[in-house]
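Student: What follows is a single structure, and I will ask about it in a moment.
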Amino acid sequence: MSISRKVLYNPNLKAMEHKIPFNKPFLTGKEEHNIGLAMKSGHLSGNGSFTQKCQNYFESQYRFRKCLLTSSCTDALEIAAILLDIQAGDEVIVPSYTFVSTANPFLLRGAKIVFADSRADHPGIDELSIEALITPKTKAIVVVHYAGVACDMDTIMELANRYGLWVVEDAAQAIDAYYKGRPLGGIGHLGAFSFHETKNIICGEGGLLVINDERFIKRAEIIWEKGTNRSAFFRGEVDKYGWVDIGSSFLPSELIAAFLYAQLENLSFIQKRRTEIWERYYENLKGFAMEQNIMLPYVPEYATNNSHMFYLVLKNVQERTTLIQQLKEKNIHAVFHYLSLHKSSFYKGKHDQRELPNSDSYTDCLLRLPLFFELTEQDQNRVVETLKNSLSIVKN
Ligand SMILES: *Cc1c(COP(=O)(O)O)cnc(C)c1O
């Protein structure tokens, strides 16, 4: 995987069959300039002016109550687990079809993870399956907006209110995506975004914690600053700073924030291009998918699509494996995604035996197609045509 990710994408190569990677991180051109400014500013560590700019961007653009830039989405979720005071014996409900970072931060605090299934029409958590998983020990529900498509947040928030539970949104893939007009990451008590190089907006490794519940703001800043009240000190609110709580080194350096800010300034430009690509896939595949009984991404009426990902759900794992192979022979890199966490070698012995058939079905059948800013129309057509031809071969 790591080798093929490094292959250069060069659509100008004469050879017809140049490699089409799954992803290519996009640079706006402004990153180096911003990093240069950060270098010259003399402030290289975290929480400087570029960090403030990034946080302000999210707070003003999406009206998030309070944002803290972190070194990763995983870090943001770790702060969330500390803020919610997750302890040994607590239970946290998490979808099984997700990345390990949705679960790990809560396990690190001693929680038991209770895995939930996905919807049949979408890999997001099946909101109707959650209530049966709630026990007196349940403390939080973590939702994942898979492919940047919202979970049914009204149903989930109503359930959480009724049972007195916290809701954390793993919005790693969900920048600039909405649920009934409300930006994702801003609906649960806490939200977390990722700027890993595979996401829409990137800085190599990076993340953001969104604090929507006023009560968590003060403590979040302290945990973020290694358990000290340094942020309050620099605002002149206290006359000395010291160790006041647990915490860790969660903030990224200004060099990272400077890179990220260049991307944020180009967010609508990046989103526009990704949307064109996503829609072209959909238009070119929908008739074929219907004929062949292949599922394409479904965006419920309450949700928007931020074009994070284009995927197909095939009939079974054999069909998918053969298809990946066929595409690979034509130098096109299409990839599967998560392996159900309840069946992972780490967690299967700890899982309570329940079957999660939809999660398993996405594990076996979901295939993601190349989608990145610089993918040319010609190359996208090649992906579509190769896919159609390969699938006819697979089926016959
Ligand atoms: C990418 C991703 C993460 C991890 O983000 P990092 O910034 O790499 O920590 C977590 N959850 C989901 C759903 C993701 O897609």
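Every chain in the structure tokens has a letter given in the order shown (A, B, ...), and although residue numbers restart at 1 in each chain, ligands are simply numbered from 1 in the order shown.
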I want to know what sits within 12 Å of His351 (chain A), based on only C-alpha atoms, with residues of the same chain fewer than 5 positions away left out; could you give that as a list in words?
Tutor: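 What passes the distance filter is Ser96, Lys112, Ile113, Val114, Phe115, Ala116, Ser340, Leu341, His342, Lys343, Ser344, Ser345, Phe346 and Leu356 of chain A.
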Student: Among region 154-317 of chain A, which residues carry a DSSP assignment of strand (DSSP E or B), reported as a ChimeraX atom specification?
Tutor: /A:166-170,178-179,182-183,190-194,207-211,225,228,243,249,295,303,311-313
Student: Pick out the residues sitting within 8 Å of region 117-133 of chain A, and hand them over as a ChimeraX atom specification; count only C-alpha atoms, and ignore anything fewer than 4 positions along from it in its own chain.
Tutor: /A:93,95-97,143-146,149-152,155-156,159,297-298,356-359,362
Student: Could you give me the residues within region 291-380 of chain A that DSSP places in helix (DSSP H, G or I), as a compact mmCIF listing (two decimals) with N, CA, C and O atoms, in the first residue's frame?
Tutor:
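This went into selection.txt:
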# COMPACT_ATOMS: atom_id res chain seq x y z
N GLU A 291 -28.61 -1.66 -14.00
CA GLU A 291 -28.66 -2.92 -14.76
C GLU A 291 -27.99 -4.07 -14.02
O GLU A 291 -28.47 -5.20 -14.02
N GLN A 292 -26.83 -3.78 -13.45
CA GLN A 292 -26.00 -4.83 -12.85
C GLN A 292 -26.33 -5.06 -11.37
O GLN A 292 -25.67 -5.89 -10.72
N VAL A 317 -17.63 -10.68 -1.95
CA VAL A 317 -16.20 -10.40 -1.83
C VAL A 317 -15.41 -10.92 -3.03
O VAL A 317 -14.44 -10.28 -3.47
N GLN A 318 -15.83 -12.07 -3.61
CA GLN A 318 -15.11 -12.61 -4.77
C GLN A 318 -15.20 -11.62 -5.94
O GLN A 318 -14.20 -11.36 -6.62
N GLU A 319 -16.40 -11.11 -6.15
CA GLU A 319 -16.60 -10.17 -7.25
C GLU A 319 -15.71 -8.93 -7.05
O GLU A 319 -15.07 -8.46 -7.99
N ARG A 320 -15.65 -8.47 -5.80
CA ARG A 320 -14.84 -7.28 -5.53
C ARG A 320 -13.34 -7.57 -5.71
O ARG A 320 -12.61 -6.77 -6.31
N THR A 321 -12.88 -8.71 -5.19
CA THR A 321 -11.46 -9.04 -5.29
C THR A 321 -11.04 -9.14 -6.76
O THR A 321 -10.00 -8.61 -7.16
N THR A 322 -11.86 -9.81 -7.56
CA THR A 322 -11.54 -9.96 -8.98
C THR A 322 -11.51 -8.59 -9.66
O THR A 322 -10.63 -8.31 -10.47
N LEU A 323 -12.47 -7.78 -9.31
CA LEU A 323 -12.54 -6.45 -9.92
C LEU A 323 -11.32 -5.59 -9.56
O LEU A 323 -10.74 -4.94 -10.43
N ILE A 324 -10.91 -5.63 -8.30
CA ILE A 324 -9.72 -4.86 -7.89
C ILE A 324 -8.51 -5.34 -8.70
O ILE A 324 -7.72 -4.54 -9.20
N GLN A 325 -8.44 -6.66 -8.89
CA GLN A 325 -7.34 -7.25 -9.64
C GLN A 325 -7.36 -6.81 -11.11
O GLN A 325 -6.35 -6.41 -11.67
N GLN A 326 -8.55 -6.86 -11.70
CA GLN A 326 -8.71 -6.45 -13.10
C GLN A 326 -8.30 -4.99 -13.30
O GLN A 326 -7.64 -4.65 -14.27
N LEU A 327 -8.73 -4.14 -12.37
CA LEU A 327 -8.40 -2.72 -12.46
C LEU A 327 -6.89 -2.53 -12.28
O LEU A 327 -6.28 -1.72 -12.97
N LYS A 328 -6.32 -3.29 -11.38
CA LYS A 328 -4.89 -3.18 -11.12
C LYS A 328 -4.08 -3.55 -12.37
O LYS A 328 -3.08 -2.90 -12.69
N GLU A 329 -4.56 -4.57 -13.07
CA GLU A 329 -3.87 -4.96 -14.32
C GLU A 329 -3.90 -3.84 -15.35
O GLU A 329 -3.05 -3.76 -16.22
N LEU A 341 -14.85 -3.69 12.86
CA LEU A 341 -13.99 -3.68 14.06
C LEU A 341 -14.37 -4.78 15.04
O LEU A 341 -13.51 -5.29 15.76
N HIS A 342 -15.64 -5.19 15.05
CA HIS A 342 -16.04 -6.24 16.00
C HIS A 342 -15.45 -7.59 15.62
O HIS A 342 -15.45 -8.51 16.41
N LYS A 343 -14.93 -7.70 14.39
CA LYS A 343 -14.30 -8.95 13.95
C LYS A 343 -12.78 -8.82 13.86
O LYS A 343 -12.11 -9.73 13.38
N PRO A 357 -24.59 -7.73 10.30
CA PRO A 357 -24.52 -8.14 8.89
C PRO A 357 -24.25 -7.01 7.90
O PRO A 357 -23.56 -7.23 6.91
N ASN A 358 -24.78 -5.83 8.18
CA ASN A 358 -24.54 -4.74 7.20
C ASN A 358 -23.08 -4.30 7.23
O ASN A 358 -22.47 -4.08 6.18
N SER A 359 -22.52 -4.20 8.42
CA SER A 359 -21.11 -3.84 8.54
C SER A 359 -20.25 -4.88 7.80
O SER A 359 -19.33 -4.52 7.05
N ASP A 360 -20.57 -6.16 7.99
CA ASP A 360 -19.80 -7.21 7.31
C ASP A 360 -19.96 -7.13 5.80
O ASP A 360 -19.01 -7.40 5.05
N SER A 361 -21.15 -6.76 5.37
CA SER A 361 -21.38 -6.68 3.94
C SER A 361 -20.56 -5.53 3.30
O SER A 361 -19.97 -5.70 2.23
N TYR A 362 -20.49 -4.39 3.99
CA TYR A 362 -19.63 -3.31 3.46
C TYR A 362 -18.15 -3.72 3.52
O TYR A 362 -17.37 -3.37 2.64
N THR A 363 -17.79 -4.45 4.57
CA THR A 363 -16.41 -4.95 4.68
C THR A 363 -16.04 -5.75 3.43
O THR A 363 -14.96 -5.58 2.86
N ASP A 364 -16.96 -6.59 2.98
CA ASP A 364 -16.68 -7.49 1.86
C ASP A 364 -16.89 -6.86 0.49
O ASP A 364 -16.23 -7.25 -0.47
N CYS A 365 -17.84 -5.96 0.39
CA CYS A 365 -18.34 -5.59 -0.95
C CYS A 365 -18.07 -4.14 -1.38
O CYS A 365 -18.28 -3.82 -2.54
N GLU A 377 -10.42 14.44 -16.69
CA GLU A 377 -11.66 13.89 -17.24
C GLU A 377 -11.36 12.62 -18.03
O GLU A 377 -12.07 11.62 -17.95
N GLN A 378 -10.26 12.68 -18.79
CA GLN A 378 -9.85 11.54 -19.60
C GLN A 378 -9.56 10.31 -18.74
O GLN A 378 -9.99 9.19 -19.05
N ASP A 379 -8.85 10.54 -17.65
CA ASP A 379 -8.52 9.43 -16.76
C ASP A 379 -9.76 8.91 -16.04
O ASP A 379 -9.90 7.71 -15.79
N GLN A 380 -10.64 9.82 -15.71
CA GLN A 380 -11.86 9.37 -15.06
C GLN A 380 -12.68 8.51 -16.01
O GLN A 380 -13.23 7.47 -15.61
Student: Write out as a PDB file with all heavy atoms, in the first residue's frame each polymer residue (protein, DNA or RNA) that has an atom no more than 7 Å from ligand 1, with only C-alpha atoms and all ligand atoms counted.
Tutor:
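Result went into pocket-v4.pdb, see below:
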ATOM      1  N   SER A  72      -4.202  15.464  15.093  1.00  0.00           N
ATOM      2  CA  SER A  72      -4.943  14.480  14.297  1.00  0.00           C
ATOM      3  C   SER A  72      -6.384  14.446  14.782  1.00  0.00           C
ATOM      4  O   SER A  72      -6.694  14.979  15.856  1.00  0.00           O
ATOM      5  CB  SER A  72      -4.332  13.083  14.464  1.00  0.00           C
ATOM      6  OG  SER A  72      -4.439  12.670  15.816  1.00  0.00           O
ATOM      7  N   CYS A  73      -7.226  13.795  14.007  1.00  0.00           N
ATOM      8  CA  CYS A  73      -8.605  13.557  14.449  1.00  0.00           C
ATOM      9  C   CYS A  73      -8.586  12.597  15.631  1.00  0.00           C
ATOM     10  O   CYS A  73      -9.384  12.711  16.562  1.00  0.00           O
ATOM     11  CB  CYS A  73      -9.405  12.990  13.279  1.00  0.00           C
ATOM     12  SG  CYS A  73     -11.096  12.566  13.661  1.00  0.00           S
ATOM     13  N   THR A  74      -7.650  11.647  15.593  1.00  0.00           N
ATOM     14  CA  THR A  74      -7.499  10.704  16.711  1.00  0.00           C
ATOM     15  C   THR A  74      -7.262  11.481  18.007  1.00  0.00           C
ATOM     16  O   THR A  74      -7.888  11.194  19.034  1.00  0.00           O
ATOM     17  CB  THR A  74      -6.301   9.767  16.433  1.00  0.00           C
ATOM     18  OG1 THR A  74      -6.444   9.218  15.131  1.00  0.00           O
ATOM     19  CG2 THR A  74      -6.216   8.657  17.459  1.00  0.00           C
ATOM     20  N   ASP A  75      -6.376  12.465  17.959  1.00  0.00           N
ATOM     21  CA  ASP A  75      -6.108  13.307  19.126  1.00  0.00           C
ATOM     22  C   ASP A  75      -7.363  14.032  19.583  1.00  0.00           C
ATOM     23  O   ASP A  75      -7.639  14.129  20.782  1.00  0.00           O
ATOM     24  CB  ASP A  75      -5.057  14.380  18.767  1.00  0.00           C
ATOM     25  CG  ASP A  75      -3.647  13.934  19.119  1.00  0.00           C
ATOM     26  OD1 ASP A  75      -3.486  12.807  19.616  1.00  0.00           O
ATOM     27  OD2 ASP A  75      -2.716  14.729  18.903  1.00  0.00           O
ATOM     28  N   THR A  98     -15.900   1.346  10.734  1.00  0.00           N
ATOM     29  CA  THR A  98     -15.201   2.622  10.840  1.00  0.00           C
ATOM     30  C   THR A  98     -13.719   2.364  11.031  1.00  0.00           C
ATOM     31  O   THR A  98     -13.275   1.208  11.115  1.00  0.00           O
ATOM     32  CB  THR A  98     -15.750   3.472  11.999  1.00  0.00           C
ATOM     33  OG1 THR A  98     -15.106   4.770  11.994  1.00  0.00           O
ATOM     34  CG2 THR A  98     -15.496   2.826  13.352  1.00  0.00           C
ATOM     35  N   PHE A  99     -12.968   3.441  11.133  1.00  0.00           N
ATOM     36  CA  PHE A  99     -11.534   3.359  11.381  1.00  0.00           C
ATOM     37  C   PHE A  99     -11.301   3.133  12.885  1.00  0.00           C
ATOM     38  O   PHE A  99     -12.123   3.540  13.712  1.00  0.00           O
ATOM     39  CB  PHE A  99     -10.886   4.666  10.914  1.00  0.00           C
ATOM     40  CG  PHE A  99      -9.389   4.658  10.916  1.00  0.00           C
ATOM     41  CD1 PHE A  99      -8.691   3.683  10.229  1.00  0.00           C
ATOM     42  CD2 PHE A  99      -8.671   5.620  11.610  1.00  0.00           C
ATOM     43  CE1 PHE A  99      -7.305   3.670  10.228  1.00  0.00           C
ATOM     44  CE2 PHE A  99      -7.290   5.620  11.612  1.00  0.00           C
ATOM     45  CZ  PHE A  99      -6.613   4.634  10.922  1.00  0.00           C
ATOM     46  N   SER A 101      -9.618   4.591  14.982  1.00  0.00           N
ATOM     47  CA  SER A 101      -9.543   5.801  15.808  1.00  0.00           C
ATOM     48  C   SER A 101     -10.890   6.242  16.368  1.00  0.00           C
ATOM     49  O   SER A 101     -10.933   7.075  17.270  1.00  0.00           O
ATOM     50  CB  SER A 101      -8.946   6.951  15.001  1.00  0.00           C
ATOM     51  OG  SER A 101      -7.579   6.712  14.793  1.00  0.00           O
ATOM     52  N   THR A 102     -11.983   5.719  15.833  1.00  0.00           N
ATOM     53  CA  THR A 102     -13.286   6.052  16.416  1.00  0.00           C
ATOM     54  C   THR A 102     -13.423   5.365  17.773  1.00  0.00           C
ATOM     55  O   THR A 102     -14.058   5.889  18.685  1.00  0.00           O
ATOM     56  CB  THR A 102     -14.436   5.606  15.482  1.00  0.00           C
ATOM     57  OG1 THR A 102     -14.109   5.955  14.145  1.00  0.00           O
ATOM     58  CG2 THR A 102     -15.748   6.256  15.866  1.00  0.00           C
ATOM     59  N   VAL A 144     -20.255   8.218  13.065  1.00  0.00           N
ATOM     60  CA  VAL A 144     -19.285   8.493  12.007  1.00  0.00           C
ATOM     61  C   VAL A 144     -20.071   8.890  10.759  1.00  0.00           C
ATOM     62  O   VAL A 144     -20.926   8.129  10.307  1.00  0.00           O
ATOM     63  CB  VAL A 144     -18.428   7.246  11.699  1.00  0.00           C
ATOM     64  CG1 VAL A 144     -17.449   7.533  10.565  1.00  0.00           C
ATOM     65  CG2 VAL A 144     -17.695   6.781  12.943  1.00  0.00           C
ATOM     66  N   TYR A 146     -19.969   8.686   7.500  1.00  0.00           N
ATOM     67  CA  TYR A 146     -19.179   7.983   6.489  1.00  0.00           C
ATOM     68  C   TYR A 146     -19.315   8.661   5.123  1.00  0.00           C
ATOM     69  O   TYR A 146     -20.424   8.993   4.690  1.00  0.00           O
ATOM     70  CB  TYR A 146     -19.634   6.513   6.394  1.00  0.00           C
ATOM     71  CG  TYR A 146     -18.765   5.697   5.473  1.00  0.00           C
ATOM     72  CD1 TYR A 146     -17.569   5.145   5.919  1.00  0.00           C
ATOM     73  CD2 TYR A 146     -19.119   5.503   4.137  1.00  0.00           C
ATOM     74  CE1 TYR A 146     -16.745   4.434   5.078  1.00  0.00           C
ATOM     75  CE2 TYR A 146     -18.304   4.783   3.280  1.00  0.00           C
ATOM     76  CZ  TYR A 146     -17.123   4.252   3.752  1.00  0.00           C
ATOM     77  OH  TYR A 146     -16.308   3.540   2.906  1.00  0.00           O
ATOM     78  N   ASP A 170     -17.713  11.761  14.937  1.00  0.00           N
ATOM     79  CA  ASP A 170     -16.465  11.562  14.208  1.00  0.00           C
ATOM     80  C   ASP A 170     -16.739  12.084  12.799  1.00  0.00           C
ATOM     81  O   ASP A 170     -17.288  11.385  11.946  1.00  0.00           O
ATOM     82  CB  ASP A 170     -16.068  10.083  14.196  1.00  0.00           C
ATOM     83  CG  ASP A 170     -14.783   9.834  13.410  1.00  0.00           C
ATOM     84  OD1 ASP A 170     -14.403  10.708  12.613  1.00  0.00           O
ATOM     85  OD2 ASP A 170     -14.194   8.753  13.578  1.00  0.00           O
ATOM     86  N   ALA A 171     -16.386  13.363  12.608  1.00  0.00           N
ATOM     87  CA  ALA A 171     -16.649  14.039  11.332  1.00  0.00           C
ATOM     88  C   ALA A 171     -15.357  14.094  10.506  1.00  0.00           C
ATOM     89  O   ALA A 171     -15.160  15.020   9.710  1.00  0.00           O
ATOM     90  CB  ALA A 171     -17.204  15.434  11.589  1.00  0.00           C
ATOM     91  N   ALA A 172     -14.485  13.100  10.709  1.00  0.00           N
ATOM     92  CA  ALA A 172     -13.175  13.068  10.031  1.00  0.00           C
ATOM     93  C   ALA A 172     -13.311  13.303   8.530  1.00  0.00           C
ATOM     94  O   ALA A 172     -12.490  13.983   7.925  1.00  0.00           O
ATOM     95  CB  ALA A 172     -12.479  11.742  10.299  1.00  0.00           C
ATOM     96  N   GLN A 173     -14.365  12.727   7.930  1.00  0.00           N
ATOM     97  CA  GLN A 173     -14.534  12.808   6.472  1.00  0.00           C
ATOM     98  C   GLN A 173     -15.551  13.873   6.081  1.00  0.00           C
ATOM     99  O   GLN A 173     -15.904  13.980   4.907  1.00  0.00           O
ATOM    100  CB  GLN A 173     -15.025  11.446   5.938  1.00  0.00           C
ATOM    101  CG  GLN A 173     -14.115  10.293   6.312  1.00  0.00           C
ATOM    102  CD  GLN A 173     -14.727   8.938   5.962  1.00  0.00           C
ATOM    103  OE1 GLN A 173     -15.746   8.845   5.281  1.00  0.00           O
ATOM    104  NE2 GLN A 173     -14.088   7.867   6.426  1.00  0.00           N
ATOM    105  N   SER A 194     -10.651  15.548  10.558  1.00  0.00           N
ATOM    106  CA  SER A 194      -9.287  15.122  10.200  1.00  0.00           C
ATOM    107  C   SER A 194      -8.797  15.892   8.977  1.00  0.00           C
ATOM    108  O   SER A 194      -9.567  16.162   8.052  1.00  0.00           O
ATOM    109  CB  SER A 194      -9.269  13.630   9.875  1.00  0.00           C
ATOM    110  OG  SER A 194      -7.989  13.262   9.376  1.00  0.00           O
ATOM    111  N   PHE A 195      -7.500  16.208   8.985  1.00  0.00           N
ATOM    112  CA  PHE A 195      -6.849  16.819   7.822  1.00  0.00           C
ATOM    113  C   PHE A 195      -5.705  15.943   7.353  1.00  0.00           C
ATOM    114  O   PHE A 195      -4.698  16.425   6.815  1.00  0.00           O
ATOM    115  CB  PHE A 195      -6.370  18.239   8.170  1.00  0.00           C
ATOM    116  CG  PHE A 195      -7.435  19.073   8.825  1.00  0.00           C
ATOM    117  CD1 PHE A 195      -7.288  19.525  10.129  1.00  0.00           C
ATOM    118  CD2 PHE A 195      -8.615  19.368   8.145  1.00  0.00           C
ATOM    119  CE1 PHE A 195      -8.289  20.270  10.746  1.00  0.00           C
ATOM    120  CE2 PHE A 195      -9.625  20.107   8.754  1.00  0.00           C
ATOM    121  CZ  PHE A 195      -9.454  20.557  10.062  1.00  0.00           C
ATOM    122  N   HIS A 196      -5.847  14.643   7.585  1.00  0.00           N
ATOM    123  CA  HIS A 196      -4.907  13.639   7.063  1.00  0.00           C
ATOM    124  C   HIS A 196      -4.862  13.760   5.542  1.00  0.00           C
ATOM    125  O   HIS A 196      -5.844  14.185   4.925  1.00  0.00           O
ATOM    126  CB  HIS A 196      -5.408  12.250   7.488  1.00  0.00           C
ATOM    127  CG  HIS A 196      -4.510  11.135   7.087  1.00  0.00           C
ATOM    128  ND1 HIS A 196      -4.686  10.439   5.913  1.00  0.00           N
ATOM    129  CD2 HIS A 196      -3.434  10.606   7.691  1.00  0.00           C
ATOM    130  CE1 HIS A 196      -3.740   9.518   5.821  1.00  0.00           C
ATOM    131  NE2 HIS A 196      -2.969   9.592   6.883  1.00  0.00           N
ATOM    132  N   LYS A 199      -7.924  13.164   3.197  1.00  0.00           N
ATOM    133  CA  LYS A 199      -9.208  13.854   3.336  1.00  0.00           C
ATOM    134  C   LYS A 199      -9.320  14.995   2.314  1.00  0.00           C
ATOM    135  O   LYS A 199      -8.384  15.246   1.562  1.00  0.00           O
ATOM    136  CB  LYS A 199      -9.348  14.379   4.763  1.00  0.00           C
ATOM    137  CG  LYS A 199      -9.094  13.345   5.862  1.00  0.00           C
ATOM    138  CD  LYS A 199     -10.011  12.125   5.791  1.00  0.00           C
ATOM    139  CE  LYS A 199     -10.102  11.376   7.103  1.00  0.00           C
ATOM    140  NZ  LYS A 199      -9.422  10.082   7.133  1.00  0.00           N
ATOM    141  N   GLU A 205      -0.807  15.481   8.531  1.00  0.00           N
ATOM    142  CA  GLU A 205      -1.529  14.929   9.675  1.00  0.00           C
ATOM    143  C   GLU A 205      -2.083  16.116  10.441  1.00  0.00           C
ATOM    144  O   GLU A 205      -1.349  17.067  10.732  1.00  0.00           O
ATOM    145  CB  GLU A 205      -0.583  14.150  10.611  1.00  0.00           C
ATOM    146  CG  GLU A 205       0.159  12.990   9.984  1.00  0.00           C
ATOM    147  CD  GLU A 205      -0.590  11.666  10.042  1.00  0.00           C
ATOM    148  OE1 GLU A 205      -1.731  11.628  10.565  1.00  0.00           O
ATOM    149  OE2 GLU A 205      -0.029  10.673   9.549  1.00  0.00           O
ATOM    150  N   GLY A 206      -3.346  16.062  10.787  1.00  0.00           N
ATOM    151  CA  GLY A 206      -3.913  17.170  11.553  1.00  0.00           C
ATOM    152  C   GLY A 206      -5.371  16.917  11.865  1.00  0.00           C
ATOM    153  O   GLY A 206      -6.009  16.045  11.255  1.00  0.00           O
ATOM    154  N   GLY A 207      -5.901  17.650  12.806  1.00  0.00           N
ATOM    155  CA  GLY A 207      -7.307  17.470  13.175  1.00  0.00           C
ATOM    156  C   GLY A 207      -7.852  18.689  13.891  1.00  0.00           C
ATOM    157  O   GLY A 207      -7.143  19.679  14.099  1.00  0.00           O
TER     158      GLY A 207
END
Student: Which is closest to Arg65 (chain A) among A:Gly188, A:Pro21, A:Gly48, A:Pro252, if we use only C-alpha atoms?
Tutor: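 Closest to Arg65 (chain A), using only C-alpha atoms: A:Gly188.
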Student: Which of these, A:Pro370, A:Gly148, A:Pro300, A:Gly349, has the shortest distance to Ala334 (chain A) once you count only C-alpha atoms?
Tutor: A:Pro370
Student: Would you pick out the contacts of Gly186 (chain A) at 10 Å or less, using only C-alpha atoms, so that residues sharing its chain but fewer than 6 positions from it are not included, and give the list as a ChimeraX atom specification?
Tutor: /A:62-66,168-169,171,178-179,192,210-213
Student: Identify, on the basis of only C-alpha atoms, every residue whose closest approach to region 264-269 of chain A does not exceed 9 Å; exclude the query and any residue fewer than 4 positions from it along the same chain; express the result as a PyMOL selection string.
Tutor: chain A and resi 28+54+57+176+200-202+260+273-274
Student: Would you mind exporting the chosen residues as a PDB file, in the first residue's frame, restricted to N, CA and C atoms?
Tutor:
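Output contents, as saved in part25.pdb:
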ATOM      1  N   THR A  28      -2.374  23.618  -2.920  1.00  0.00           N
ATOM      2  CA  THR A  28      -2.963  24.799  -3.542  1.00  0.00           C
ATOM      3  C   THR A  28      -1.909  25.731  -4.123  1.00  0.00           C
ATOM      4  N   CYS A  54      -6.910  29.343  11.696  1.00  0.00           N
ATOM      5  CA  CYS A  54      -7.636  28.109  11.344  1.00  0.00           C
ATOM      6  C   CYS A  54      -8.854  27.945  12.245  1.00  0.00           C
ATOM      7  N   TYR A  57     -11.517  30.376  11.418  1.00  0.00           N
ATOM      8  CA  TYR A  57     -12.186  30.032  10.167  1.00  0.00           C
ATOM      9  C   TYR A  57     -13.389  29.142  10.452  1.00  0.00           C
ATOM     10  N   ASP A 176     -17.480  20.503   5.594  1.00  0.00           N
ATOM     11  CA  ASP A 176     -18.381  21.186   4.677  1.00  0.00           C
ATOM     12  C   ASP A 176     -19.563  20.315   4.229  1.00  0.00           C
ATOM     13  N   ASN A 200     -10.448  15.698   2.319  1.00  0.00           N
ATOM     14  CA  ASN A 200     -10.665  16.757   1.314  1.00  0.00           C
ATOM     15  C   ASN A 200      -9.712  17.932   1.516  1.00  0.00           C
ATOM     16  N   ILE A 201      -9.520  18.335   2.758  1.00  0.00           N
ATOM     17  CA  ILE A 201      -8.643  19.452   3.134  1.00  0.00           C
ATOM     18  C   ILE A 201      -7.552  18.859   4.015  1.00  0.00           C
ATOM     19  N   ILE A 202      -6.292  19.162   3.704  1.00  0.00           N
ATOM     20  CA  ILE A 202      -5.210  18.386   4.325  1.00  0.00           C
ATOM     21  C   ILE A 202      -4.084  19.254   4.900  1.00  0.00           C
ATOM     22  N   LEU A 260      -2.237  24.223   6.671  1.00  0.00           N
ATOM     23  CA  LEU A 260      -3.687  24.000   6.682  1.00  0.00           C
ATOM     24  C   LEU A 260      -4.445  25.254   6.276  1.00  0.00           C
ATOM     25  N   ARG A 273     -14.303  21.290  -7.399  1.00  0.00           N
ATOM     26  CA  ARG A 273     -13.656  20.315  -8.290  1.00  0.00           C
ATOM     27  C   ARG A 273     -14.017  18.877  -7.890  1.00  0.00           C
ATOM     28  N   ARG A 274     -13.965  18.587  -6.602  1.00  0.00           N
ATOM     29  CA  ARG A 274     -14.284  17.229  -6.142  1.00  0.00           C
ATOM     30  C   ARG A 274     -15.724  16.872  -6.497  1.00  0.00           C
TER      31      ARG A 274
END
Student: Out of A:Trp243, A:Phe106, A:Phe310, A:Tyr302, which residue has the shortest atom-to-atom distance to Glu279 (chain A) when counting only C-alpha atoms?
Tutor: A:Phe310
